[in-house]
Every structure is written in structure tokens, then in C-alpha cells.
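So this block is structure-v2.tsv, TSV, C-alpha atoms:
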chain	number	residue	atom	x	y	z
A	1	MET	CA	55.54	22.09	68.19
A	2	ASN	CA	56.11	22.17	64.46
A	3	GLU	CA	57.84	18.82	64.52
A	4	LYS	CA	54.65	17.18	65.87
A	5	ARG	CA	52.69	17.99	62.70
A	6	GLY	CA	54.11	14.94	60.91
A	7	HIS	CA	53.97	14.52	57.17
A	8	TRP	CA	50.27	14.88	56.53
A	9	TYR	CA	50.98	17.97	54.44
A	10	LEU	CA	52.55	15.70	51.83
A	11	LEU	CA	49.38	13.63	51.55
A	12	THR	CA	47.34	16.81	51.38
A	13	GLY	CA	49.53	18.07	48.54
A	14	LEU	CA	49.20	14.78	46.68
A	15	ILE	CA	45.41	14.80	46.95
A	16	ILE	CA	45.15	18.44	45.85
A	17	GLY	CA	47.48	17.72	42.95
A	18	ALA	CA	45.56	14.58	41.93
A	19	VAL	CA	42.29	16.49	41.83
A	20	ILE	CA	43.88	19.24	39.75
A	21	GLY	CA	45.41	16.61	37.44
A	22	LEU	CA	42.08	14.85	36.97
A	23	LEU	CA	40.33	18.09	36.13
A	24	LEU	CA	43.06	19.00	33.67
A	25	SER	CA	42.82	15.58	31.98
A	26	ILE	CA	39.12	16.07	31.44
A	27	THR	CA	39.07	19.72	30.41
A	28	LEU	CA	42.28	21.38	29.28
A	29	VAL	CA	44.45	18.47	28.18
A	30	PRO	CA	42.13	15.58	27.30
A	31	VAL	CA	43.69	12.46	25.95
A	32	LYS	CA	44.36	12.72	22.20
A	33	TYR	CA	43.52	9.61	20.22
A	34	THR	CA	45.62	8.79	17.20
A	35	ASP	CA	45.76	5.80	14.89
A	36	THR	CA	42.14	5.03	15.60
A	37	ALA	CA	39.61	2.90	13.77
A	38	PRO	CA	36.53	4.29	11.97
A	39	TYR	CA	34.39	3.07	14.87
A	40	TYR	CA	35.69	5.96	16.97
A	41	LEU	CA	34.89	8.70	14.46
A	42	ASN	CA	32.44	11.39	15.41
A	43	THR	CA	28.97	11.17	13.92
A	44	SER	CA	29.41	13.58	11.03
A	45	GLU	CA	32.64	11.96	9.88
A	46	LYS	CA	31.08	8.53	10.20
A	47	ASP	CA	28.47	9.80	7.74
A	48	ILE	CA	31.20	10.86	5.34
A	49	TYR	CA	32.88	7.47	5.68
A	50	ARG	CA	29.57	5.63	5.21
A	51	GLY	CA	28.76	7.67	2.11
A	52	LEU	CA	32.12	6.80	0.62
A	53	ILE	CA	31.58	3.12	1.37
A	54	ALA	CA	28.32	3.28	-0.57
A	55	GLN	CA	29.89	5.07	-3.52
A	56	ALA	CA	32.84	2.70	-3.56
A	57	TYR	CA	30.33	-0.16	-3.57
A	58	LEU	CA	28.94	1.13	-6.86
A	59	VAL	CA	32.42	0.87	-8.32
A	60	GLU	CA	33.51	-2.42	-6.81
A	61	ALA	CA	30.14	-4.20	-6.61
A	62	ASP	CA	31.70	-6.21	-3.82
A	63	ASN	CA	29.06	-6.96	-1.19
A	64	ALA	CA	31.47	-8.61	1.20
A	65	ARG	CA	33.94	-5.75	1.12
A	66	ALA	CA	31.22	-3.15	1.59
A	67	LYS	CA	29.88	-5.12	4.55
A	68	ALA	CA	33.33	-5.42	6.07
A	69	ARG	CA	33.85	-1.70	5.71
A	70	LEU	CA	30.49	-0.96	7.29
A	71	GLU	CA	31.33	-3.21	10.22
A	72	LEU	CA	34.27	-0.91	10.94
A	73	LEU	CA	31.78	1.84	11.76
A	74	GLY	CA	30.17	-0.30	14.44
A	75	ASP	CA	26.59	0.64	13.60
A	76	ILE	CA	24.08	-1.41	15.55
A	77	ASN	CA	22.04	-1.83	12.40
A	78	ALA	CA	24.03	-0.94	9.30
A	79	GLU	CA	21.00	-1.15	7.03
A	80	ASP	CA	19.01	1.33	9.11
A	81	ALA	CA	21.98	3.67	9.29
A	82	LEU	CA	22.34	3.59	5.50
A	83	ILE	CA	18.68	4.24	4.90
A	84	ALA	CA	18.52	7.00	7.50
A	85	GLN	CA	21.48	8.73	5.92
A	86	ALA	CA	19.96	8.38	2.46
A	87	GLN	CA	16.74	9.94	3.70
A	88	GLN	CA	18.63	12.77	5.37
A	89	LEU	CA	20.45	13.52	2.13
A	90	ILE	CA	17.22	13.56	0.18
A	91	ALA	CA	15.51	15.75	2.77
A	92	ALA	CA	18.43	18.18	2.69
A	93	GLY	CA	18.38	18.24	-1.09
A	94	LYS	CA	21.98	17.04	-1.23
A	95	SER	CA	23.71	14.46	-3.37
A	96	GLU	CA	21.05	12.33	-5.00
A	97	SER	CA	23.67	9.97	-6.38
A	98	GLN	CA	25.01	9.26	-2.92
A	99	SER	CA	21.55	8.75	-1.46
A	100	ARG	CA	20.82	6.19	-4.17
A	101	ALA	CA	24.14	4.52	-3.50
A	102	LEU	CA	23.29	4.31	0.19
A	103	ALA	CA	19.85	2.87	-0.57
A	104	LEU	CA	21.31	0.34	-2.97
A	105	LEU	CA	23.88	-0.78	-0.45
A	106	ALA	CA	21.15	-1.08	2.17
A	107	ALA	CA	19.23	-3.31	-0.23
A	108	ALA	CA	22.33	-5.38	-0.88
A	109	ILE	CA	22.82	-5.90	2.82
A	110	GLN	CA	19.21	-6.74	3.44
A	111	GLN	CA	19.11	-9.28	0.65
A	112	ASN	CA	22.46	-10.92	0.18
A	113	ALA	CA	21.41	-12.13	-3.25
A	114	VAL	CA	21.39	-8.63	-4.75
A	115	GLN	CA	24.33	-8.03	-7.02
A	116	ILE	CA	25.04	-4.91	-9.04
A	117	THR	CA	27.04	-4.24	-12.13
A	118	PRO	CA	29.97	-1.98	-11.26
A	119	LEU	CA	30.06	1.54	-12.63
A	120	PRO	CA	32.68	2.10	-15.30
A	121	LYS	CA	35.37	4.73	-14.98
A	122	VAL	CA	35.10	8.07	-16.73
A	123	LEU	CA	37.99	9.46	-18.73
A	124	ILE	CA	40.17	11.49	-16.39
A	125	ASN	CA	43.24	13.07	-18.05
A	126	PRO	CA	45.44	9.99	-17.65
A	127	THR	CA	48.45	11.55	-19.31
A	128	ALA	CA	51.09	12.01	-16.69
A	129	GLU	CA	52.83	9.59	-14.40
A	130	PRO	CA	51.96	9.91	-10.77
A	131	THR	CA	54.74	11.33	-8.67
A	132	LEU	CA	55.71	9.60	-5.55
A	133	SER	CA	57.72	11.70	-3.14
A	134	GLU	CA	58.77	10.60	0.27
A	135	PRO	CA	56.29	12.11	2.69
A	136	THR	CA	57.37	14.05	5.70
A	137	ALA	CA	54.77	12.41	7.85
A	138	THR	CA	55.92	9.55	10.02
A	139	GLU	CA	53.09	7.18	9.39
A	140	ASN	CA	53.80	3.50	8.96
A	141	ALA	CA	54.79	3.66	5.33
A	142	ALA	CA	57.90	2.57	3.56
A	143	ALA	CA	59.59	4.16	0.57
A	144	PRO	CA	58.21	3.10	-2.79
A	145	THR	CA	59.97	0.18	-4.36
A	146	ALA	CA	58.10	-0.18	-7.64
A	147	ALA	CA	57.01	2.18	-10.37
A	148	LEU	CA	53.30	2.67	-10.86
A	149	THR	CA	51.53	1.89	-14.07
A	150	THR	CA	50.12	4.63	-16.27
A	151	PRO	CA	46.34	4.70	-15.99
A	152	ALA	CA	44.70	3.71	-19.23
A	153	PRO	CA	41.93	5.80	-20.78
A	154	LEU	CA	38.57	4.15	-20.50
A	155	ILE	CA	35.07	4.85	-21.73
A	156	THR	CA	33.40	8.18	-21.04
A	157	VAL	CA	29.91	7.25	-19.96
A	158	THR	CA	28.44	7.19	-16.48
A	159	PRO	CA	25.51	4.79	-16.58
A	160	ARG	CA	23.46	3.91	-13.55
A	161	PRO	CA	24.13	0.57	-11.91
A	162	THR	CA	21.97	-2.24	-13.17
A	163	ASN	CA	20.77	-5.02	-11.00
A	164	THR	CA	21.33	-8.64	-11.88
A	165	PRO	CA	18.28	-10.76	-11.05
A	166	GLN	CA	18.74	-13.17	-8.21
A	167	PRO	CA	16.30	-15.66	-6.73
A	168	THR	CA	14.06	-14.44	-3.97
A	169	GLN	CA	13.67	-16.89	-1.15
A	170	GLY	CA	10.68	-17.54	1.07
A	171	ALA	CA	6.95	-17.38	0.44
A	172	PRO	CA	5.87	-15.49	-2.68
A	173	TYR	CA	4.50	-11.98	-2.46
A	174	GLU	CA	0.77	-11.60	-2.98
A	175	LEU	CA	-1.17	-8.66	-4.24
A	176	ALA	CA	-2.86	-7.05	-1.24
A	177	GLN	CA	-4.33	-4.00	-2.93
A	178	GLN	CA	-4.70	-2.54	-6.39
A	179	GLU	CA	-6.02	0.91	-7.04
A	180	GLU	CA	-6.07	3.52	-9.74
A	181	ILE	CA	-4.67	6.91	-8.87
A	182	CYS	CA	-6.19	9.92	-10.55
A	183	ASP	CA	-4.32	13.02	-9.47
A	184	PRO	CA	-3.72	15.70	-12.10
A	185	THR	CA	-0.93	17.19	-10.00
A	186	GLN	CA	1.10	13.96	-10.16
A	187	PRO	CA	2.87	12.52	-13.18
A	188	GLY	CA	0.69	9.81	-14.71
A	189	GLY	CA	1.38	6.54	-16.44
A	190	LEU	CA	3.23	4.95	-13.54
A	191	ILE	CA	2.93	1.53	-11.97
A	192	GLN	CA	3.72	2.29	-8.36
A	193	VAL	CA	4.69	-0.80	-6.40
A	194	PHE	CA	4.92	-1.01	-2.63
A	195	VAL	CA	6.32	-4.22	-1.12
A	196	PHE	CA	5.93	-5.17	2.52
A	197	ASN	CA	6.95	-8.20	4.52
A	198	ARG	CA	4.74	-10.08	6.94
A	199	ALA	CA	5.41	-7.50	9.63
A	200	ASP	CA	4.22	-4.66	7.37
A	201	LYS	CA	7.76	-3.40	7.03
A	202	PRO	CA	8.80	-2.07	3.60
A	203	VAL	CA	11.28	-4.38	1.89
A	204	ALA	CA	14.11	-2.99	-0.21
A	205	GLY	CA	15.92	-4.92	-2.91
A	206	VAL	CA	12.96	-6.96	-4.11
A	207	ARG	CA	13.04	-7.74	-7.80
A	208	ILE	CA	9.99	-6.74	-9.84
A	209	GLU	CA	9.47	-8.10	-13.30
A	210	VAL	CA	7.35	-6.37	-15.91
A	211	SER	CA	6.49	-8.15	-19.11
A	212	ILE	CA	4.67	-7.08	-22.24
A	213	ALA	CA	2.38	-9.48	-24.04
A	214	GLY	CA	4.43	-10.86	-26.91
A	215	GLY	CA	7.33	-8.65	-25.93
A	216	GLY	CA	10.29	-8.53	-23.63
A	217	VAL	CA	10.73	-8.56	-19.91
A	218	GLU	CA	12.19	-5.78	-17.78
A	219	SER	CA	13.11	-5.89	-14.15
A	220	PHE	CA	13.77	-3.33	-11.46
A	221	TYR	CA	14.14	-3.26	-7.70
A	222	THR	CA	12.57	-1.66	-4.68
A	223	GLY	CA	14.65	0.48	-2.38
A	224	LEU	CA	15.98	3.08	-4.78
A	225	TYR	CA	13.55	5.74	-3.58
A	226	PRO	CA	14.00	5.76	0.19
A	227	GLU	CA	12.46	9.23	0.27
A	228	ILE	CA	9.14	7.58	-0.63
A	229	SER	CA	9.53	4.17	0.99
A	230	ASN	CA	12.21	1.52	1.21
A	231	GLY	CA	9.74	-0.88	-0.37
A	232	TYR	CA	8.82	1.42	-3.24
A	233	ALA	CA	9.58	1.15	-6.94
A	234	ASP	CA	7.87	2.45	-10.03
A	235	TYR	CA	7.69	1.77	-13.72
A	236	ALA	CA	6.63	4.17	-16.48
A	237	MET	CA	4.05	2.63	-18.82
A	238	ALA	CA	3.75	3.54	-22.48
A	239	GLU	CA	0.46	4.68	-23.92
A	240	GLY	CA	-1.59	1.86	-25.42
A	241	MET	CA	0.53	-0.94	-23.97
A	242	THR	CA	-0.61	-3.68	-21.62
A	243	TYR	CA	1.70	-5.06	-18.98
A	244	ASN	CA	1.94	-8.01	-16.62
A	245	LEU	CA	3.81	-7.62	-13.37
A	246	ARG	CA	5.27	-10.04	-10.86
A	247	VAL	CA	7.03	-9.32	-7.55
A	248	GLY	CA	9.72	-11.79	-6.58
A	249	GLU	CA	10.53	-15.02	-8.37
A	250	ALA	CA	7.30	-16.84	-7.70
A	251	GLY	CA	5.01	-13.98	-6.82
A	252	GLN	CA	1.45	-13.57	-7.98
A	253	LEU	CA	1.20	-12.37	-11.59
A	254	VAL	CA	-0.85	-9.20	-11.99
A	255	GLN	CA	-2.13	-8.99	-15.54
A	256	ASN	CA	-3.49	-6.46	-17.97
A	257	LEU	CA	-2.07	-3.32	-16.47
A	258	SER	CA	-2.39	-0.23	-18.60
A	259	ILE	CA	-2.56	3.50	-18.11
A	260	PRO	CA	-5.94	4.32	-16.58
A	261	ALA	CA	-7.89	7.12	-18.19
A	262	CYS	CA	-8.84	9.73	-15.64
A	263	GLU	CA	-11.24	12.55	-16.14
A	264	ALA	CA	-10.66	16.05	-14.86
A	265	GLU	CA	-13.30	18.69	-14.24
A	266	GLY	CA	-14.68	19.75	-17.55
A	267	GLY	CA	-14.43	16.28	-19.00
A	268	LYS	CA	-10.79	16.55	-20.03
A	269	GLN	CA	-8.98	13.22	-19.83
A	270	TYR	CA	-5.47	12.68	-18.46
A	271	PRO	CA	-3.34	9.60	-17.70
A	272	GLY	CA	-3.53	8.17	-14.21
A	273	SER	CA	-1.31	5.72	-12.38
A	274	ILE	CA	-1.75	2.30	-10.80
A	275	LYS	CA	-0.79	1.59	-7.22
A	276	LEU	CA	-0.06	-2.03	-6.35
A	277	THR	CA	0.62	-3.14	-2.81
A	278	PHE	CA	2.25	-6.52	-2.28
A	279	GLN	CA	2.79	-8.37	0.94
A	280	LYS	CA	4.06	-11.73	2.06
A	281	PRO	CA	1.19	-13.81	3.39
A	282	ASP	CA	1.04	-14.81	7.07
B	1	MET	CA	62.49	23.59	58.25
B	2	ARG	CA	59.51	25.66	57.17
B	3	LYS	CA	61.06	26.08	53.72
B	4	ALA	CA	61.63	22.35	53.40
B	5	ARG	CA	58.01	21.64	54.23
B	6	LEU	CA	56.89	24.19	51.61
B	7	ILE	CA	59.07	22.59	48.98
B	8	GLY	CA	57.78	19.17	49.97
B	9	PHE	CA	54.20	20.40	49.72
B	10	VAL	CA	54.76	21.83	46.22
B	11	VAL	CA	56.50	18.65	45.09
B	12	ALA	CA	53.62	16.60	46.47
B	13	ILE	CA	51.14	18.74	44.52
B	14	LEU	CA	53.16	18.32	41.32
B	15	LEU	CA	53.32	14.57	41.83
B	16	GLY	CA	49.58	14.58	42.47
B	17	VAL	CA	48.94	16.52	39.25
B	18	ALA	CA	51.03	14.03	37.30
B	19	GLY	CA	49.23	11.12	38.92
B	20	GLY	CA	45.86	12.77	38.31
B	21	LEU	CA	46.64	13.31	34.65
B	22	VAL	CA	47.71	9.70	34.17
B	23	LEU	CA	44.65	8.53	36.05
B	24	GLY	CA	42.39	10.74	33.94
B	25	TRP	CA	43.94	9.72	30.63
B	26	LEU	CA	43.98	6.01	31.40
B	27	TYR	CA	40.86	5.41	33.45
B	28	PHE	CA	38.60	8.41	32.80
B	29	PRO	CA	39.41	9.33	29.20
B	30	ALA	CA	37.43	11.90	27.26
B	31	GLU	CA	34.61	10.66	25.05
B	32	ILE	CA	36.31	8.53	22.44
B	33	THR	CA	33.73	9.09	19.72
B	34	THR	CA	35.06	12.57	19.07
B	35	THR	CA	37.95	11.59	16.88
B	36	SER	CA	38.18	12.81	13.31
B	37	LEU	CA	39.27	11.32	10.02
B	38	GLN	CA	42.69	12.86	10.59
B	39	ASP	CA	43.16	10.52	13.53
B	40	LEU	CA	42.58	7.32	11.57
B	41	ARG	CA	45.30	4.70	11.41
B	42	ALA	CA	47.36	4.74	8.21
B	43	ASP	CA	45.72	1.62	6.72
B	44	TYR	CA	42.23	3.04	7.31
B	45	LYS	CA	43.32	6.34	5.79
B	46	THR	CA	44.56	4.47	2.75
B	47	ASP	CA	41.26	2.65	2.37
B	48	TYR	CA	39.50	6.01	2.70
B	49	VAL	CA	41.70	7.46	-0.05
B	50	LEU	CA	40.97	4.43	-2.20
B	51	MET	CA	37.24	5.01	-1.79
B	52	VAL	CA	37.73	8.67	-2.72
B	53	ALA	CA	39.70	7.52	-5.77
B	54	GLU	CA	36.92	5.16	-6.80
B	55	THR	CA	34.35	7.92	-6.46
B	56	TYR	CA	36.55	10.26	-8.45
B	57	ALA	CA	36.97	7.62	-11.13
B	58	THR	CA	33.24	7.53	-11.74
B	59	ASP	CA	32.30	11.19	-11.42
B	60	GLY	CA	35.54	12.93	-12.43
B	61	ASP	CA	34.83	15.63	-9.85
B	62	ALA	CA	38.26	16.71	-8.62
B	63	GLN	CA	36.87	19.39	-6.31
B	64	HIS	CA	34.69	16.85	-4.56
B	65	ALA	CA	37.64	14.51	-4.20
B	66	LEU	CA	39.72	17.38	-2.87
B	67	ASP	CA	37.07	18.24	-0.31
B	68	LEU	CA	37.04	14.65	0.90
B	69	LEU	CA	40.83	14.45	1.07
B	70	THR	CA	40.97	17.69	3.01
B	71	LYS	CA	39.19	15.89	5.81
B	72	ILE	CA	42.31	13.74	6.20
B	73	ASN	CA	44.90	16.44	5.66
B	74	PRO	CA	43.57	20.02	5.52
B	75	ASP	CA	46.98	21.44	4.67
B	76	ASN	CA	48.04	19.16	1.86
B	77	PRO	CA	45.44	16.80	0.45
B	78	LEU	CA	47.74	15.78	-2.40
B	79	ARG	CA	50.22	14.47	0.14
B	80	THR	CA	47.43	12.35	1.55
B	81	VAL	CA	47.07	10.59	-1.78
B	82	GLN	CA	50.81	10.13	-2.12
B	83	GLN	CA	50.97	8.75	1.39
B	84	GLY	CA	48.07	6.47	0.47
B	85	LEU	CA	49.97	5.20	-2.56
B	86	LEU	CA	52.98	4.37	-0.43
B	87	THR	CA	50.96	2.62	2.24
B	88	ALA	CA	48.97	0.77	-0.41
B	89	GLN	CA	52.20	-0.52	-1.92
B	90	GLN	CA	53.38	-1.61	1.47
B	91	LEU	CA	50.11	-3.36	2.22
B	92	GLY	CA	50.04	-5.12	-1.13
B	93	TYR	CA	47.04	-3.48	-2.71
B	94	GLU	CA	46.09	-4.94	-6.05
B	95	ASP	CA	47.04	-3.35	-9.36
B	96	TRP	CA	43.57	-2.05	-10.11
B	97	GLU	CA	43.43	-0.38	-6.72
B	98	MET	CA	46.85	1.18	-7.26
B	99	ARG	CA	45.63	2.46	-10.59
B	100	TYR	CA	42.64	4.15	-9.00
B	101	LEU	CA	44.95	5.80	-6.49
B	102	ALA	CA	47.38	6.84	-9.22
B	103	ASP	CA	44.56	8.34	-11.26
B	104	LEU	CA	43.45	10.32	-8.25
B	105	GLU	CA	46.97	11.54	-7.64
B	106	ILE	CA	47.21	12.76	-11.23
B	107	GLY	CA	43.76	14.31	-11.13
B	108	ILE	CA	44.39	16.21	-7.93
B	109	ARG	CA	47.84	17.32	-9.06
B	110	ASN	CA	46.47	18.65	-12.34
B	111	TYR	CA	43.54	20.32	-10.69
B	112	SER	CA	44.31	24.00	-10.49
B	113	ALA	CA	42.25	24.90	-7.45
B	114	PRO	CA	44.09	26.60	-4.61
B	115	GLY	CA	45.16	24.18	-1.92
B	116	ALA	CA	45.44	21.28	-4.28
B	117	GLY	CA	48.94	20.71	-3.15
B	118	GLU	CA	52.13	21.62	-4.78
Could you show the structure in this file as C-alpha cells?
Amino acid sequence: MNEKRGHWYLLTGLIIGAVIGLLLSITLVPVKYTDTAPYYLNTSEKDIYRGLIAQAYLVEADNARAKARLELLGDINAEDALIAQAQQLIAAGKSESQSRALALLAAAIQQNAVQITPLPKVLINPTAEPTLSEPTATENAAAPTAALTTPAPLITVTPRPTNTPQPTQGAPYELAQQEEICDPTQPGGLIQVFVFNRADKPVAGVRIEVSIAGGGVESFYTGLYPEISNGYADYAMAEGMTYNLRVGEAGQLVQNLSIPACEAEGGKQYPGSIKLTFQKPD
Amino acid sequence: MRKARLIGFVVAILLGVAGGLVLGWLYFPAEITTTSLQDLRADYKTDYVLMVAETYATDGDAQHALDLLTKINPDNPLRTVQQGLLTAQQLGYEDWEMRYLADLEIGIRNYSAPGAGE
């Protein structure tokens, strides 16, 4: 009787075992990935990596390298990811320097022409030789074959990156709206510039040039205040001065800008600001 | 005979478990976007350390650098930099990059915070 059962019990055992094995592979002993690329990092560690890319960009000022590094993260839209992260940092009240770095890199990606001046090093106790000991880890590294150089002391300042003007391509920006802002709760004396493209999307990395009659010319860029708008930039005017402003290389010149005099209740005067909105024509 | 069948059944289950594990790991792997910085390949880790070194070179904040390096090696962040130096040499990093890494190694070594490495 028993002999007539055949060997189906073996197949049954295999199936039961396979199901158990599958469940184990998903729950208790999932596959462990090693030697992976940044693309496979979890979201929070991608943010760390992206932040470092932006800060390294300030040091290297190498657009191509920063882009190549960002591509490793596999973001669908690297620029959006940078700006979103910058905004999150600002909203959380965290590293302002990193949020600016992220915004600047986003601007550099959006407009290939943007170039920055690299940040200099600060002085960091460069007195001792680095020690190289053979690591116990078994990563793909060979023993050192050459001595390292002693780091040289450098200057001790940490200036902000400065943008080098580059040509802006396409149709010139035109002034769409100009208004005086009188708000005693806000700091006055600012030229607030908002730049939009044809699709009403804020544009980062646009060069704005401010000139003084008979004086010099200063330039700055949109995109450094993503917490306000990616297309926002501002300039602090001096009392009694008159300015001309141009957005882009061949944009419309807006003349005779000066601090508007606003009047509070009781007749007291205070400095207002000027809001300029620029857009590319259809 | 009954004992032989029992042994055969157990062996079949064990073979099935092995097959199921292989099947699960190869064809139904866990979500791959859960890996951490510790799992990066050595050359990516080295680039990460270089970026930390560049950040450190401009802000001089050893604690911040240490925090970032701990993401790669929680137990010994200094060893991460040393490993980075070795890999960078092997990969032919340029002198200025090696200098950044060397500066970081010195900075972390001199930093007296607990866990800075030996």
C-alpha cells in the first residue's frame, strides 16, 4: 500500500521549502547590497551626497564634474532636486551655506554659462604629515607607494563665491511690472527683482547688472534665495543714489531707480523698496 | 522505509528553502534603494571623502567632517579617510585632490573629539 504512494512527497517538500525560502529572502535574510553606486542610496543619504556635491562645487567650480556627480544619483530632474533640497534646508532652519550652494549649483545646471570663482581654503593646522597605515578592510585598495606632500598653509578668509558674468542667450528680458513697496515691517532700500521665463517659471542664474550714473557697475544673479523664489535677487540701494538696472545681456534698461520715500501713519517717513518683475516676451 | 521517506521529505524541504532563497535574492530582491553610504563601492566612497575634505578645507569644521565620515564608517571615521587616501593613490587622483584628503586626515587626527579615531 505504502509503495503505491510514489514520490510525490518529495515534490511537496520542495514546494514547501521553496515557499519558506522565498519568504525568508524577503523578510529575515534579504539580499545585502555592497559595492553599490550612489543611485541606490536611500533618500536621506542621497540628500547628504547631493549636499556634498554642491559644497564641493563651491570649491572646485567645475560644472562638468558637479553634473557628472549629480548624474550618479539618478535624479529625474537634478535641478528640481537641488532646489527642493535647498528649500527644505531653509524651511528647517538648517545650513544656510549648503542651501545657497545647492541653489547656486541648480543655477549652474540650468544655465551652463554660469561660472563661479572657487572658494579658497581656510588655514587648517597643516603641521603634521598624514599617516598612512594599511587598513584592515578588504576594499580594492593597494598599499601606498608614494609619500604625500605636506599641505601648505593658505589664506584665512572665507569669502562668498562670486559669479563671473557670462552672456545670456535668447530674447532679452522685458520689464513687466514696476511697483514701489511701502511696508514698515520690511527692510527698505531694496531693489527686488523677479525674473520669469515665457512660461511664467522663475529663472535662476540670470545676471542682473546695476549701474550708477557716472559710477561703476555691479552684477549679481537670481537663484540665491530659493526660499523666496528661484528667480529672485535683490540689491541694497544707498540713500541719495540713483541706479540703472538691466536683466540679462541685452535686457531692457530700467533707469532712475532710487529709494522711494514712504510715509507712515503720523507723517513719519521711512525708506521703501522697489519691486521689478521681468519676463521674456512671447 | 517510513524513515527513509521522512528523511527524503526533510531533504526536499531543505533543497526547496535553498532554491527559494536563491530565487528570492536573484529574481525578487528587496527594494534596492535602501542601501546606505556604507555600502558604496570604494571609488565612490573615495569621491565622497574628497567632497568632505573639500568642505572641510573651506569651513574648517572638523566635527562636521567627522559627522559626514561617520556615515561611511561609524566605528572609525579616520580609517575612512586613510582608506580614501590609498584608493585615491591607486586611482591616480591629482595632487591637489590628494592634498585635500591629506589635510582632512590631519584635521581629523588632531581633532580631540571622542570617536575621531586612534
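For the pair atom CA of B:Glu97 and atom CA of B:Gln63, the separation is 20.8 Å.
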Worksheet entry | Residues of chain B within 8 Å of chain A, counting only C-alpha atoms, as a count of residues only | 58
Discussion item. So the first atom is atom CA of A:Gln252 and the second is atom CA of A:Ala238; what is the distance between them in Å, to one decimal place?
Written reply: 22.5 Å
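As for atom CA of B:Leu66 and atom CA of B:Leu78, they are spaced 8.2 Å apart.
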Worksheet item: Between A:Leu105, A:Leu82, A:Ile191, A:Leu257, which has the minimum distance to A:Asn63 (counting all atoms listed in the file)?
Response: A:Leu105
Discussion item. Between B:Ala62, B:Ile7, B:Ala53, B:Ile72, which residue has the minimum interatomic distance to B:Leu101, considering only C-alpha atoms?
Written reply: B:Ala53
Discussion item. I'd like the contact shell of A:Val206 - 9 Å cut-off, only C-alpha atoms, skipping same-chain residues fewer than 3 positions apart - returned as a ChimeraX atom specification.
Written reply: /A:107,111,114,168,195,203,220-223,231,247-248
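Residues surrounding A:Ser211 within 6 Å are Gly216, Val217, Tyr243 and Asn244 of chain A [only C-alpha atoms; sequence separation below 5 positions excluded].
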Discussion item. Need the shell around A:Asp282: protein/DNA/RNA residues with any atom at most 12 Å away, counting only C-alpha atoms. Skip same-chain ones fewer than 4 positions apart. Format as a VMD selection string?
Written reply: chain A and resid 170 to 174 196 to 200
